[in-house]
file input.cif (mmCIF, C-alpha atoms)
data_my_file
#
loop_
_atom_site.label_atom_id
_atom_site.label_comp_id
_atom_site.auth_asym_id
_atom_site.auth_seq_id
_atom_site.Cartn_x
_atom_site.Cartn_y
_atom_site.Cartn_z
CA ARG A 1 21.81 -9.71 13.32
CA GLY A 2 20.10 -13.07 12.98
CA GLY A 3 19.28 -15.62 15.62
CA GLY A 4 16.60 -13.29 17.01
CA SER A 5 13.98 -16.03 17.09
CA GLY A 6 15.92 -17.96 19.72
CA ARG A 7 16.58 -15.11 22.12
CA VAL A 8 14.77 -15.45 25.45
CA LYS A 9 13.62 -12.42 27.37
CA LYS A 10 11.46 -11.63 30.35
CA THR A 11 7.80 -12.43 29.86
CA GLY A 12 5.30 -9.62 30.32
CA SER A 13 3.03 -9.65 33.34
CA PRO A 14 -0.54 -11.05 33.00
CA GLY A 15 -2.02 -7.58 33.22
CA SER A 16 0.27 -6.02 30.67
CA PHE A 17 -1.83 -7.20 27.73
CA GLY A 18 -4.57 -4.75 28.57
CA THR A 19 -2.21 -1.77 28.85
CA THR A 20 -1.44 -1.82 25.14
CA GLN A 21 -4.94 -2.66 23.89
CA LYS A 22 -5.81 0.99 23.28
CA GLN A 23 -2.69 1.55 21.15
CA ALA A 24 -3.31 -1.69 19.25
CA MET A 25 -6.92 -0.74 18.74
CA LEU A 26 -5.87 2.62 17.33
CA PHE A 27 -3.64 0.95 14.77
CA GLY A 28 -6.40 -1.54 13.98
CA VAL A 29 -8.70 1.39 13.21
CA LYS A 30 -5.98 3.01 11.09
CA LEU A 31 -5.50 -0.23 9.17
CA ARG A 32 -9.22 -0.63 8.51
CA SER A 33 -9.73 3.00 7.50
CA GLY A 34 -6.65 2.97 5.27
CA SER A 35 -7.45 -0.31 3.51
CA HIS A 36 -8.60 -0.19 -0.10
CA PRO A 37 -12.09 -1.82 0.04
CA PRO A 38 -11.70 -4.09 -3.02
CA TRP A 39 -8.52 -5.53 -1.47
CA VAL A 40 -9.72 -5.77 2.13
CA SER A 41 -9.14 -9.53 2.33
CA LYS A 42 -5.54 -9.14 1.13
CA TYR A 43 -4.14 -7.29 4.15
CA VAL A 44 -2.29 -8.70 7.14
CA PRO A 45 -5.10 -10.01 9.44
CA TYR A 46 -4.10 -7.80 12.34
CA GLU A 47 -7.15 -8.49 14.51
CA LEU A 48 -6.85 -12.28 14.07
CA LEU A 49 -3.17 -12.18 15.00
CA LYS A 50 -3.98 -10.02 18.00
CA GLN A 51 -6.51 -12.61 19.16
CA THR A 52 -3.89 -15.35 18.86
CA ILE A 53 -1.46 -13.32 20.98
CA SER A 54 -4.14 -12.87 23.65
CA GLN A 55 -4.08 -16.64 24.18
CA LEU A 56 -0.47 -16.56 25.40
CA GLU A 57 -0.06 -17.14 29.14
CA PRO A 58 3.04 -16.57 31.31
CA ASN A 59 5.07 -19.73 31.81
CA CYS A 60 2.48 -21.97 30.16
CA GLU A 61 3.57 -25.13 28.32
CA GLU A 62 0.65 -24.71 25.90
CA ASN A 63 2.27 -21.52 24.59
CA ALA A 64 4.39 -23.61 22.23
CA ALA A 65 1.34 -24.50 20.16
CA ILE A 66 0.06 -20.92 20.22
CA GLU A 67 3.46 -19.60 19.18
CA GLY A 68 3.40 -21.98 16.22
CA ILE A 69 -0.09 -20.86 15.23
CA PHE A 70 0.87 -17.20 15.44
CA LEU A 71 4.02 -17.57 13.34
CA THR A 72 2.19 -19.68 10.75
CA GLN A 73 -0.63 -17.13 10.50
CA LEU A 74 1.77 -14.22 10.19
CA LEU A 75 4.10 -15.75 7.61
CA SER A 76 1.17 -17.06 5.56
CA ALA A 77 -0.35 -13.56 5.55
CA VAL A 78 2.94 -11.91 4.61
CA HIS A 79 3.40 -14.30 1.68
CA GLN A 80 -0.16 -13.55 0.54
CA VAL A 81 0.53 -9.81 0.73
CA ASN A 82 3.74 -10.21 -1.26
CA ASN A 83 2.13 -12.34 -3.97
CA PHE A 84 -0.84 -9.97 -4.30
CA TYR A 85 1.47 -6.97 -4.47
CA LEU A 86 3.59 -8.52 -7.22
CA SER A 87 0.55 -9.39 -9.33
CA LYS A 88 -0.92 -5.89 -8.98
CA GLU A 89 2.44 -4.23 -9.59
CA GLN A 90 2.85 -6.10 -12.87
CA GLU A 91 -0.75 -5.33 -13.86
CA LEU A 92 -0.28 -1.61 -13.20
CA SER A 93 3.01 -1.56 -15.09
CA THR A 94 1.34 -3.19 -18.10
CA ARG A 95 -1.57 -0.73 -17.99
CA LEU A 96 0.83 2.21 -17.76
CA GLU A 97 2.81 0.97 -20.75
CA ALA A 98 -0.34 0.73 -22.86
CA LEU A 99 -1.59 4.17 -21.83
CA THR A 100 1.82 5.73 -22.39
CA ALA A 101 1.63 4.61 -26.01
CA LEU A 102 -1.69 6.46 -26.35
CA LEU A 103 -0.94 9.59 -24.36
CA HIS A 104 2.68 10.44 -25.13
CA SER A 105 3.48 13.79 -26.80
CA PRO A 106 0.24 15.52 -25.71
CA ARG A 107 1.14 18.72 -27.55
CA GLN A 108 0.50 16.78 -30.74
CA TRP A 109 -3.00 15.57 -29.83
CA VAL A 110 -4.45 18.32 -27.61
CA LEU A 111 -6.71 20.20 -30.05
CA SER A 112 -7.47 23.28 -27.95
CA HIS A 113 -6.63 24.66 -24.53
CA ILE A 114 -8.89 24.37 -21.50
CA GLU A 115 -9.41 27.46 -19.37
CA ALA A 116 -8.26 26.62 -15.85
CA HIS A 117 -6.49 28.05 -12.82
CA ASP A 118 -2.71 28.36 -12.76
CA SER A 119 -2.40 25.25 -10.60
CA VAL A 120 -4.65 22.36 -11.50
CA SER A 121 -4.56 18.62 -10.91
CA LEU A 122 -5.07 16.17 -13.73
CA PRO A 123 -8.06 14.47 -12.00
CA SER A 124 -9.87 17.82 -11.86
CA LEU A 125 -8.92 18.66 -15.44
CA VAL A 126 -9.94 15.43 -17.17
CA PRO A 127 -13.73 15.92 -16.76
CA LEU A 128 -13.36 19.20 -18.69
CA PHE A 129 -12.00 17.44 -21.78
CA GLU A 130 -14.61 17.27 -24.54
CA ALA A 131 -14.18 14.67 -27.25
CA GLY A 132 -13.70 16.35 -30.62
CA VAL A 133 -13.13 19.73 -28.98
CA HIS A 134 -10.08 19.35 -26.79
CA ALA A 135 -8.92 15.92 -27.97
CA ALA A 136 -10.05 12.90 -29.96
CA LYS A 137 -12.41 10.48 -28.21
CA ASP A 138 -9.81 7.74 -27.81
CA LYS A 139 -7.52 10.23 -26.05
CA VAL A 140 -10.31 11.43 -23.74
CA ASP A 141 -11.18 7.83 -22.83
CA ALA A 142 -7.51 7.06 -22.22
CA LEU A 143 -7.24 10.09 -19.95
CA GLY A 144 -10.03 8.77 -17.74
CA GLU A 145 -8.32 5.40 -17.55
CA PHE A 146 -5.01 7.08 -16.80
CA VAL A 147 -6.48 8.93 -13.80
CA ARG A 148 -7.87 5.63 -12.48
CA LEU A 149 -4.47 4.05 -13.00
CA CYS A 150 -2.78 6.80 -10.98
CA GLU A 151 -5.26 6.20 -8.17
CA ASP A 152 -4.54 2.46 -8.25
CA ILE A 153 -0.79 3.09 -8.13
CA ASP A 154 -1.31 5.21 -5.03
CA HIS A 155 -3.53 2.53 -3.47
CA LEU A 156 -0.81 -0.07 -4.01
CA ARG A 157 1.84 2.23 -2.55
CA LYS A 158 -0.28 2.65 0.58
CA TYR A 159 -0.97 -1.11 0.61
CA SER A 160 2.74 -1.79 0.84
CA VAL A 161 3.29 0.68 3.68
CA LEU A 162 0.25 -0.39 5.71
CA ASN A 163 1.10 -4.08 5.53
CA TYR A 164 4.70 -3.50 6.54
CA LEU A 165 3.51 -1.44 9.49
CA ALA A 166 0.93 -4.10 10.40
CA ALA A 167 3.63 -6.77 10.48
CA ALA A 168 5.94 -4.57 12.56
CA LYS A 169 3.21 -3.63 15.03
CA ILE A 170 1.92 -7.16 15.54
CA VAL A 171 5.40 -8.65 16.00
CA LYS A 172 6.25 -5.93 18.51
CA LYS A 173 3.04 -6.73 20.35
CA HIS A 174 3.86 -10.45 20.30
CA ASP A 175 7.29 -9.84 21.81
CA LYS A 176 5.77 -7.95 24.73
CA HIS A 177 3.71 -10.98 25.71
CA SER A 178 6.02 -13.85 24.86
CA SER A 179 9.30 -15.23 26.18
CA ILE A 180 10.46 -15.58 22.56
CA SER A 181 11.50 -12.50 20.62
CA LEU A 182 10.57 -12.64 16.91
CA ARG A 183 10.87 -8.99 15.92
CA GLU A 184 14.42 -8.88 14.61
CA SER A 185 14.33 -12.06 12.54
CA VAL A 186 10.76 -11.69 11.25
CA MET A 187 11.08 -8.03 10.27
CA LYS A 188 14.41 -8.70 8.56
CA PHE A 189 12.58 -11.29 6.45
CA VAL A 190 9.57 -9.03 5.79
CA GLY A 191 11.86 -6.14 4.83
CA SER A 192 13.60 -8.32 2.25
CA LEU A 193 10.41 -9.11 0.30
CA PRO A 194 9.55 -7.41 -3.01
CA PHE A 195 6.39 -5.77 -1.65
CA TYR A 196 8.69 -3.66 0.52
CA GLN A 197 11.88 -3.62 -1.58
CA SER A 198 10.63 -3.39 -5.17
CA ARG A 199 11.36 -0.18 -7.07
CA LEU A 200 9.09 -0.94 -10.02
CA LEU A 201 6.09 0.79 -8.42
CA ALA A 202 8.14 3.89 -7.59
CA SER A 203 9.38 3.96 -11.17
CA SER A 204 5.81 3.64 -12.49
CA PHE A 205 4.63 6.42 -10.18
CA THR A 206 7.40 8.75 -11.37
CA HIS A 207 6.63 7.93 -14.99
CA ALA A 208 2.93 8.62 -14.42
CA GLN A 209 3.76 11.97 -12.81
CA CYS A 210 5.79 12.98 -15.84
CA ILE A 211 2.99 12.06 -18.23
CA ALA A 212 0.41 13.90 -16.11
CA SER A 213 2.59 17.01 -16.00
CA GLU A 214 2.99 17.04 -19.78
CA ILE A 215 -0.74 16.60 -20.34
CA VAL A 216 -1.68 19.43 -17.98
CA ALA A 217 0.93 21.75 -19.44
CA SER A 218 -0.35 21.06 -22.94
CA ALA A 219 -4.03 21.35 -22.02
CA VAL A 220 -3.88 24.61 -20.07
CA GLY A 221 -0.71 26.09 -21.52
CA SER A 222 0.91 26.04 -18.09
CA ALA A 223 3.36 23.79 -16.27
CA GLY A 224 1.45 24.21 -13.01
CA LEU A 225 0.47 20.83 -11.63
CA ASP A 226 -0.82 19.62 -8.28
CA LEU A 227 -0.07 15.92 -7.80
CA SER A 228 -0.91 15.75 -4.13
CA PRO A 229 -3.33 12.89 -3.25
CA GLU A 230 -6.95 13.99 -3.08
CA ASP A 231 -8.83 12.69 0.03
#
call {"tool": "encode", "arguments": {"input": "input.cif", "output": "structure tokens"}}
result
Amino acid sequence: RGGGSGRVKKTGSPGSFGTTQKQAMLFGVKLRSGSHPPWVSKYVPYELLKQTISQLEPNCEENAAIEGIFLTQLLSAVHQVNNFYLSKEQELSTRLEALTALLHSPRQWVLSHIEAHDSVSLPSLVPLFEAGVHAAKDKVDALGEFVRLCEDIDHLRKYSVLNYLAAAKIVKKHDKHSSISLRESVMKFVGSLPFYQSRLLASSFTHAQCIASEIVASAVGSAGLDLSPED
């Protein structure tokens, strides 16, 4: 591996750009629909990069400048994604630590059971908690914050996956329309970054699942728990 950025291959034909536009558009739609609205400016700018690629011409000396622009845009975006991911990951870890201190050992602070179905998700259960009836007010408030935290953890997990896919898709598209292949070297770099490699988020997610399971079991007197994402 390595040295991929210097490998020369056959340039795509002038008309080949249009043949993949539908596929690229479909991923662009997927990226937009899957983006978390508050973070929309923090994703790989797929459409901008696609526009830069469209400026490439077969056997054109001006391609050198366009290639430089594309690589600069892509690497700058990837670094932004990585930095944002790290800051959010640390924030979520800190929030989880604080909430864990409040919500551990739920059998000791759940005051009375809540009547519910055998299988129930924590997000659907939390609105049924009444302060002073099922738990103290500080616990009920913490439960609401915990559900929001779990949602944010899932958003960040999806953020990581979508941005990795965006980088892979746009580099693949570039290589179809350029005499320079970037895919191997660029994706090796992207795959080495914490936003793709870090295990802290996975650890936080597992920890959150364990806490949620204990809370549900204590609140309804059952171990049944549905942790599947709710659309």
call {"tool": "resolve_selection", "arguments": {"input": "input.cif", "expression": "the PyMOL selection byres ((chain A and resi 90-98) around 10)", "output": "ChimeraX atom specification"}}
result
/A:85-89,99-103,142,145-146,149-150,152-153,156,200-201,203-205,207-208
call {"tool": "residues_around", "arguments": {"input": "input.cif", "residues": "stretch 162-173 of chain A", "least_positions_apart": "4", "cutoff": "9 Å", "atoms": "all atoms listed in the file", "output": "ChimeraX atom specification"}}
result
/A:17,20,24,27-28,30-31,34-35,43-46,49-50,53,74,78,81,157-158,177-178,181-183,186-187,190-191,195-196
call {"tool": "atom_distance", "arguments": {"input": "input.cif", "atom1": "atom CA of A:Ser54", "atom2": "atom CA of A:Ile66"}}
result
9.7 Å
call {"tool": "atom_distance", "arguments": {"input": "input.cif", "atom1": "atom CA of A:Gly221", "atom2": "atom CA of A:Val110"}}
result
10.6 Å
call {"tool": "resolve_selection", "arguments": {"input": "input.cif", "expression": "the PyMOL selection byres ((chain A and resi 70) around 10)", "output": "ChimeraX atom specification"}}
result
/A:48-53,64-69,71-76,171,174
call {"tool": "residues_near_point", "arguments": {"input": "input.cif", "point": "(-11.4, 7.6, -9.7)", "cutoff": "12 Å", "atoms": "all atoms listed in the file", "output": "PDB file with C-alpha atoms, in the frame of the given file"}}
result
ATOM      1  CA  LEU A 122      -5.070  16.170 -13.730  1.00  0.00           C
ATOM      2  CA  PRO A 123      -8.060  14.470 -12.000  1.00  0.00           C
ATOM      3  CA  SER A 124      -9.870  17.820 -11.860  1.00  0.00           C
ATOM      4  CA  VAL A 126      -9.940  15.430 -17.170  1.00  0.00           C
ATOM      5  CA  PRO A 127     -13.730  15.920 -16.760  1.00  0.00           C
ATOM      6  CA  LEU A 143      -7.240  10.090 -19.950  1.00  0.00           C
ATOM      7  CA  GLY A 144     -10.030   8.770 -17.740  1.00  0.00           C
ATOM      8  CA  GLU A 145      -8.320   5.400 -17.550  1.00  0.00           C
ATOM      9  CA  PHE A 146      -5.010   7.080 -16.800  1.00  0.00           C
ATOM     10  CA  VAL A 147      -6.480   8.930 -13.800  1.00  0.00           C
ATOM     11  CA  ARG A 148      -7.870   5.630 -12.480  1.00  0.00           C
ATOM     12  CA  LEU A 149      -4.470   4.050 -13.000  1.00  0.00           C
ATOM     13  CA  CYS A 150      -2.780   6.800 -10.980  1.00  0.00           C
ATOM     14  CA  GLU A 151      -5.260   6.200  -8.170  1.00  0.00           C
ATOM     15  CA  ASP A 152      -4.540   2.460  -8.250  1.00  0.00           C
ATOM     16  CA  ILE A 153      -0.790   3.090  -8.130  1.00  0.00           C
ATOM     17  CA  ASP A 154      -1.310   5.210  -5.030  1.00  0.00           C
ATOM     18  CA  HIS A 155      -3.530   2.530  -3.470  1.00  0.00           C
ATOM     19  CA  PRO A 229      -3.330  12.890  -3.250  1.00  0.00           C
ATOM     20  CA  GLU A 230      -6.950  13.990  -3.080  1.00  0.00           C
ATOM     21  CA  ASP A 231      -8.830  12.690   0.030  1.00  0.00           C
TER      22      ASP A 231
END
call {"tool": "atom_distance", "arguments": {"input": "input.cif", "atom1": "atom CA of A:Ser192", "atom2": "atom CA of A:Ser179"}}
result
25.3 Å
call {"tool": "closest_residue", "arguments": {"input": "input.cif", "among": "A:Val133, A:Leu125, A:Val161, A:Leu193", "to": "A:Asn82", "atoms": "all atoms listed in the file"}}
result
A:Leu193
call {"tool": "axis_aligned_box", "arguments": {"input": "input.cif", "around": "stretch 145-160 of chain A", "padding_each_side": "6 Å", "output": "lines of an AutoDock Vina configuration file"}}
result
center_x = -2.8
center_y = 3.6
center_z = -8.4
size_x = 23.1
size_y = 22.7
size_z = 30.4
call {"tool": "closest_residue", "arguments": {"input": "input.cif", "among": "A:Ser33, A:Gln80, A:Ser185, A:Ser213", "to": "A:Ser105", "atoms": "all atoms listed in the file"}}
result
A:Ser213
call {"tool": "residues_around", "arguments": {"input": "input.cif", "residues": "A:Gln108", "least_positions_apart": "5", "cutoff": "12 Å", "atoms": "all atoms listed in the file", "output": "JSON, numbers by chain"}}
result
{"A": [102, 103, 134, 135, 136, 139, 214, 215, 218, 219]}
call {"tool": "closest_residue", "arguments": {"input": "input.cif", "among": "A:Ala131, A:Ala217, A:Cys210, A:Ala77", "to": "A:Leu111", "atoms": "only C-alpha atoms"}}
result
A:Ala131
call {"tool": "closest_residue", "arguments": {"input": "input.cif", "among": "A:Arg107, A:Pro58, A:Glu184, A:Pro38", "to": "A:Ile211", "atoms": "only C-alpha atoms"}}
result
A:Arg107
